[in-house]
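S.K.: So that we are looking at the same thing, I have put the structure below in structure tokens.
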Protein chains: 2
Amino acid sequence: MSRAVVLLSGGLDSTTTLAVAKRDGHTLYAMSFAYGQRHALEVDAARAIAKAAGAADHVVVSIDLRVFGGSALTSDIPVPKGGTSAGTIPVTYVPARNTIFLSYALAWAEVLEAADIYIGVNALDYSGYPDCRPEFISAFENLAAKATRAGVEGSSTRIRAPLIDLTKAEIIKLGMSLGVDYSKTTSCYDPSPEGLPCGQCDSCALRLEGFRIAGVRDPLRYVHR
Amino acid sequence: MSRAVVLLSGGLDSTTTLAVAKRDGHTLYAMSFAYGQRHALEVDAARAIAKAAGAADHVVVSIDLRVFGGSALTSDIPVPKGGTSAGTIPVTYVPARNTIFLSYALAWAEVLEAADIYIGVNALDYSGYPDCRPEFISAFENLAAKATRAGVEGSSTRIRAPLIDLTKAEIIKLGMSLGVDYSKTTSCYDPSPEGLPCGQCDSCALRLEGFRIAGVRDPLRYVHR
């Protein structure tokens, strides 16, 4: 079986992506990031999800994005509530986040001699996040071909973004068909002290709307829904 | 004055690059990395060099490359001695290192609204390191145009590699013309317990040869020279 590095945040999208990589026949190497998040719930979720998927290894890379400031997810700017902000770049944007994450994934892929890197970006994100767009993924794949021993030696690293053209509802249906247990996933930007998702931030709103359209009940318990 | 992020390892090349960025009229934002190095001398050197150059800010980003293994600089594989290894990829290669470093620089550049990132890669390196070649730099610049708000809004981040076509001796001559104090720089892969450069590793050998060809005496004291 060929190896694949899978970026795994512990959210709905990356968990579905992990299931797709497994379906594609890869041995799974999951990679998560502990960064200036206000909560460590995502990393805990990622650990449980990687284990349940039978990943051969799971690394959690500590990175300090706070040194840069400039984002609600990494500083003390309040998280916006009430409604998504399609068409504009969200305040929750972390500068160059996917560039940094894919760079680490590329490093690990080089060591593992893995030819595939999976990332769970999708169409709903790329209305607002520059580094979720198809042209970003293509540009990173082109970079990877120049950056590593594998590239120099003529083999390439593919950046797989299997969700890129899917709506949230389509992602959920895909995940259900692959047996994903969404009760393990966490998507909230601003969970309660007990770790419950708020049900009101952009991320919760998108998720709940996706489950509604998919005709499936979200197994998570919310503070508000 | 426009802002520039400058990758600063504390070595000869990056210190010369910092001086070039200053000559180019930029306000300097120096960025160093503390990673799985066996010695912290480089970071101490970088701090002194950034201060001496009048940098507006200097950040040291802690990153843990050890999670990936695979390199003499980040694990316990012995550093090779005696002769450089032109034409092959050195065992001291850190996987995807410059990709990771430039990704962090891009994040900071986005927050600072800096349009230029300087990196001190040069021709001597790119015989062996994939991510020191001109085509890598071009590919990263292309990625940057897709990855950030600035890119989306039509402005681009330039990746400046002013040493890329220079020999070590030419770099030293350039630095001398810009007033660089090379006694502050450190280049050794394997310094003595007292912090003296060994004079024998690939990096020391290249540096000493560069000073010899430039007709300048290296101000550093070596264990062996």
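Naming scheme: A, B, ... for chains in displayed order of the structure tokens; residues 1 onward per chain; ligands 1 onward as shown.
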Return the neighbours of chain A among the residues of chain B, cut-off 9 Å, counting only C-alpha atoms, as number ranges by chain.
M.R.: B: 59-65, 67-70, 89, 94-104, 106-112, 129-133, 135-140, 142-149, 151-152
S.K.: Might you pull out every residue within 10 Å of Met176 (chain B), with only C-alpha atoms counted and same-chain residues fewer than 6 positions away left off, and present them as a list in words?
M.R.: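 Contacts, in chain order: Thr16, Ala19, Glu170, Tyr182 and Val216 of chain B.
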S.K.: Store the residues picked out above in a file with N, CA and C atoms, as a CSV table (one decimal), in the first residue's frame.
M.R.:
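Saved file again-v5.csv follows:
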```
chain,number,residue,atom,x,y,z
B,16,THR,N,24.7,38.5,4.9
B,16,THR,CA,25.0,39.3,3.7
B,16,THR,C,23.7,39.7,3.1
B,19,ALA,N,22.1,42.6,4.8
B,19,ALA,CA,22.8,43.9,4.4
B,19,ALA,C,22.3,44.3,3.0
B,170,GLU,N,32.4,35.7,-3.9
B,170,GLU,CA,31.6,36.9,-4.4
B,170,GLU,C,30.7,37.4,-3.3
B,182,TYR,N,31.7,40.0,9.6
B,182,TYR,CA,31.6,38.6,9.6
B,182,TYR,C,32.0,37.9,10.9
B,216,VAL,N,40.5,37.7,1.7
B,216,VAL,CA,40.2,38.3,3.0
B,216,VAL,C,40.4,37.3,4.1
```
S.K.: Rounded to one decimal, what separation in Å do you get between CA of Val223 (chain B) and CA of Thr186 (chain B)?
M.R.: 13.3 Å
S.K.: Quick check for you: according to DSSP on this backbone, which residues of region 95-196 of chain B are classed as strand (DSSP E or B)? Reply as an MDAnalysis selection string.
M.R.: chainID B and resid 116:118 158:160
S.K.: Between CA of Phe211 (chain A) and CA of Ala21 (chain A), what is the spacing in Å?
M.R.: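 These atoms are spaced 22.2 Å apart.
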